[in-house]
Amino acid sequence: MKYIAFIVFTALSIISCKKEATQVVNPVSKISQDSLVRSIHGKWKFAVSVNNPSISKNLSNWEDWRNYVNELTIAPNPSLGNMAHKATKLVEKVAVLKNSIPEKYNKQETKARLALLETNVQNLDMLLGLEPINIKEVQKLLANIQKNTNSIINQFDEFEVKAKIPKEIGESELFQPIDTIKRATLNAIPKE
């Protein structure tokens, strides 16, 4: 009976020590979590600038792009929940972009850049939901999102430059499909 009481007492003391140890760890992780959130919030600065007036006009008519830029440039409050909510909203805004590209810019180059942007925003949303937060990866993704947004605008600028290049004589005929039967001569066909 003494042995059973000793074993029960030892087990209870070990369990109570583990509970006290976990309670002590939580405030320390809370402090480090706050410093991580402040560090991420300091890097959450996006600027979207369009220098070409023609592109600016086209983008001002593209409502989904305006919604994305508004969501991107307004920084969330410095808390993990607000940042995660902001990343989720960005995922929604970017997903809509690929379905409503203006006709002038609706090309493979634009779609590829939008797909890359969507992947980076989804990764940011995923990383902000994990614990512990990998701050280096989050900061890298924030930089990539800025870079992807600038890349899309630069691609639009390239489209504008290419549209201004005059076509040479006969260039449009080169892009038409060639009908070999119409161009064949009668003497080239063997007679039986």
# chains A, B, ... in the order shown; residues from 1 in each chain; ligands from 1
>>> residues_around(residues="Ser49 in chain A", least_positions_apart="2", cutoff="10 Å", atoms="only C-alpha atoms", output="PyMOL selection string")
chain A and resi 46-47+51-52+56+149-150+153
>>> closest_atom_pairs(of="range 37-72 of chain A", to="range 78-86 of chain A", cutoff="10 Å", atoms="only C-alpha atoms", output="JSON lines")
{"residue": "A:Val37", "atom": "CA", "partner": "A:Leu80", "partner_atom": "CA", "distance": 6.1}
{"residue": "A:Arg38", "atom": "CA", "partner": "A:Pro78", "partner_atom": "CA", "distance": 6.2}
{"residue": "A:Ser39", "atom": "CA", "partner": "A:Pro78", "partner_atom": "CA", "distance": 9.3}
{"residue": "A:Ile40", "atom": "CA", "partner": "A:Pro78", "partner_atom": "CA", "distance": 8.4}
{"residue": "A:His41", "atom": "CA", "partner": "A:Pro78", "partner_atom": "CA", "distance": 5.8}
{"residue": "A:Gly42", "atom": "CA", "partner": "A:Pro78", "partner_atom": "CA", "distance": 8.8}
{"residue": "A:Trp44", "atom": "CA", "partner": "A:Met83", "partner_atom": "CA", "distance": 9.4}
{"residue": "A:Glu71", "atom": "CA", "partner": "A:Lys86", "partner_atom": "CA", "distance": 7.8}
{"residue": "A:Leu72", "atom": "CA", "partner": "A:Lys86", "partner_atom": "CA", "distance": 8.5}
>>> write_last_selection(atoms="C-alpha atoms", output="short mmCIF file (atom, residue, chain, number, x, y, z; two decimals), in the first residue's frame")
data_model
loop_
_atom_site.label_atom_id
_atom_site.label_comp_id
_atom_site.auth_asym_id
_atom_site.auth_seq_id
_atom_site.Cartn_x
_atom_site.Cartn_y
_atom_site.Cartn_z
CA VAL A 37 4.76 39.96 -36.33
CA ARG A 38 6.31 43.42 -35.96
CA SER A 39 9.16 42.40 -38.24
CA ILE A 40 6.74 41.12 -40.91
CA HIS A 41 4.58 44.23 -40.55
CA GLY A 42 7.65 46.38 -41.15
CA TRP A 44 4.60 44.78 -45.56
CA GLU A 71 -5.91 45.38 -50.99
CA LEU A 72 -2.15 45.03 -51.51
#
>>> residues_around(residues="Ala143 in chain A", least_positions_apart="3", cutoff="9 Å", atoms="only C-alpha atoms", output="mmCIF file with N, CA, C and O atoms, in the first residue's frame")
data_model
loop_
_atom_site.group_PDB
_atom_site.id
_atom_site.type_symbol
_atom_site.label_atom_id
_atom_site.label_comp_id
_atom_site.auth_asym_id
_atom_site.auth_seq_id
_atom_site.Cartn_x
_atom_site.Cartn_y
_atom_site.Cartn_z
ATOM 1 N N LYS A 43 7.949 44.920 -43.063
ATOM 2 C CA LYS A 43 8.260 44.591 -44.465
ATOM 3 C C LYS A 43 7.025 44.640 -45.363
ATOM 4 O O LYS A 43 7.143 44.512 -46.572
ATOM 5 N N TRP A 44 5.840 44.786 -44.787
ATOM 6 C CA TRP A 44 4.597 44.776 -45.556
ATOM 7 C C TRP A 44 4.358 46.167 -46.149
ATOM 8 O O TRP A 44 3.437 46.878 -45.789
ATOM 9 N N PHE A 46 4.066 47.862 -49.882
ATOM 10 C CA PHE A 46 3.991 47.648 -51.319
ATOM 11 C C PHE A 46 3.699 48.962 -52.014
ATOM 12 O O PHE A 46 2.911 49.769 -51.526
ATOM 13 N N VAL A 138 8.581 34.280 -45.215
ATOM 14 C CA VAL A 138 7.513 35.277 -45.352
ATOM 15 C C VAL A 138 8.066 36.559 -45.963
ATOM 16 O O VAL A 138 7.474 37.130 -46.882
ATOM 17 N N GLN A 139 9.217 37.013 -45.482
ATOM 18 C CA GLN A 139 9.815 38.233 -46.038
ATOM 19 C C GLN A 139 10.217 38.034 -47.494
ATOM 20 O O GLN A 139 10.073 38.937 -48.314
ATOM 21 N N LYS A 140 10.703 36.855 -47.819
ATOM 22 C CA LYS A 140 11.049 36.555 -49.208
ATOM 23 C C LYS A 140 9.807 36.579 -50.094
ATOM 24 O O LYS A 140 9.846 37.112 -51.210
ATOM 25 N N GLN A 146 5.938 41.845 -54.533
ATOM 26 C CA GLN A 146 6.227 43.169 -55.095
ATOM 27 C C GLN A 146 6.883 43.027 -56.463
ATOM 28 O O GLN A 146 6.529 43.720 -57.412
ATOM 29 N N LYS A 147 7.821 42.110 -56.569
ATOM 30 C CA LYS A 147 8.535 41.889 -57.822
ATOM 31 C C LYS A 147 7.584 41.387 -58.910
ATOM 32 O O LYS A 147 7.659 41.834 -60.062
ATOM 33 N N ASN A 148 6.664 40.477 -58.559
ATOM 34 C CA ASN A 148 5.702 39.959 -59.532
ATOM 35 C C ASN A 148 4.744 41.041 -60.016
ATOM 36 O O ASN A 148 4.432 41.104 -61.209
#
>>> residues_around(residues="Glu158 in chain A", least_positions_apart="6", cutoff="12 Å", atoms="only C-alpha atoms", output="MDAnalysis selection string")
chainID A and resid 52 54:55 104:105 109:110 151:152 164:165
>>> write_last_selection(atoms="C-alpha atoms", output="PDB file, in the first residue's frame")
ATOM      1  CA  ASN A  52       2.859  55.040 -68.832  1.00  0.00           C
ATOM      2  CA  SER A  54      -1.828  54.509 -71.682  1.00  0.00           C
ATOM      3  CA  ILE A  55      -1.306  51.633 -69.248  1.00  0.00           C
ATOM      4  CA  LYS A 104      -5.218  44.212 -75.087  1.00  0.00           C
ATOM      5  CA  TYR A 105      -3.163  42.430 -72.402  1.00  0.00           C
ATOM      6  CA  GLU A 109       2.948  36.398 -70.960  1.00  0.00           C
ATOM      7  CA  THR A 110       0.376  38.084 -68.731  1.00  0.00           C
ATOM      8  CA  SER A 151       6.788  42.426 -63.609  1.00  0.00           C
ATOM      9  CA  ILE A 152       3.147  42.457 -64.709  1.00  0.00           C
ATOM     10  CA  LYS A 164       3.721  51.205 -81.587  1.00  0.00           C
ATOM     11  CA  ILE A 165       6.229  49.484 -83.889  1.00  0.00           C
TER      12      ILE A 165
END
>>> atom_distance(atom1="CA of Val94 in chain A", atom2="CA of Phe156 in chain A")
16.9 Å
>>> select_by_dssp(residues="range 15-182 of chain A", states="helix (DSSP H, G or I)", output="ChimeraX atom specification")
/A:15-43,53-61,63-73,80-97,103-105,108-128,135-164,171-174,180-182
>>> residues_around(residues="Val91 in chain A", least_positions_apart="4", cutoff="8 Å", atoms="only C-alpha atoms", output="number ranges by chain")
A: 87, 95, 118, 121-122, 125
>>> closest_residue(among="A:Val48, A:Asn61, A:Ala75, A:Phe159", to="Gln108 in chain A", atoms="only C-alpha atoms")
A:Phe159
>>> residues_around(residues="Leu127 in chain A", least_positions_apart="4", cutoff="8 Å", atoms="only C-alpha atoms", output="list in words")
Asn123, Ile133, Asn134, Glu137 and Val138 of chain A
>>> write_last_selection(atoms="N, CA, C and O atoms", output="tab-separated table (two decimals), in the first residue's frame")
chain	number	residue	atom	x	y	z
A	123	ASN	N	1.19	30.97	-51.18
A	123	ASN	CA	2.24	30.53	-50.25
A	123	ASN	C	2.31	31.44	-49.03
A	123	ASN	O	2.52	30.96	-47.91
A	133	ILE	N	6.13	30.65	-37.28
A	133	ILE	CA	6.22	31.37	-38.54
A	133	ILE	C	7.68	31.39	-39.00
A	133	ILE	O	8.57	31.71	-38.22
A	134	ASN	N	7.88	31.07	-40.26
A	134	ASN	CA	9.22	31.14	-40.86
A	134	ASN	C	9.38	32.55	-41.42
A	134	ASN	O	8.94	32.84	-42.53
A	137	GLU	N	11.12	33.15	-44.90
A	137	GLU	CA	10.29	32.77	-46.06
A	137	GLU	C	9.18	33.79	-46.29
A	137	GLU	O	8.88	34.13	-47.43
A	138	VAL	N	8.58	34.28	-45.21
A	138	VAL	CA	7.51	35.28	-45.35
A	138	VAL	C	8.07	36.56	-45.96
A	138	VAL	O	7.47	37.13	-46.88
>>> residues_around(residues="Lys98 in chain A", least_positions_apart="3", cutoff="7 Å", atoms="only C-alpha atoms", output="list in words")
Ala95, Ile101, Lys111 and Leu114 of chain A
>>> closest_residue(among="A:Ile169, A:Leu124, A:Leu116, A:Ile14", to="Leu90 in chain A", atoms="only C-alpha atoms")
A:Leu124
>>> closest_residue(among="A:Lys107, A:Ser60, A:Ile135, A:Gly129", to="Ser35 in chain A", atoms="only C-alpha atoms")
A:Ile135
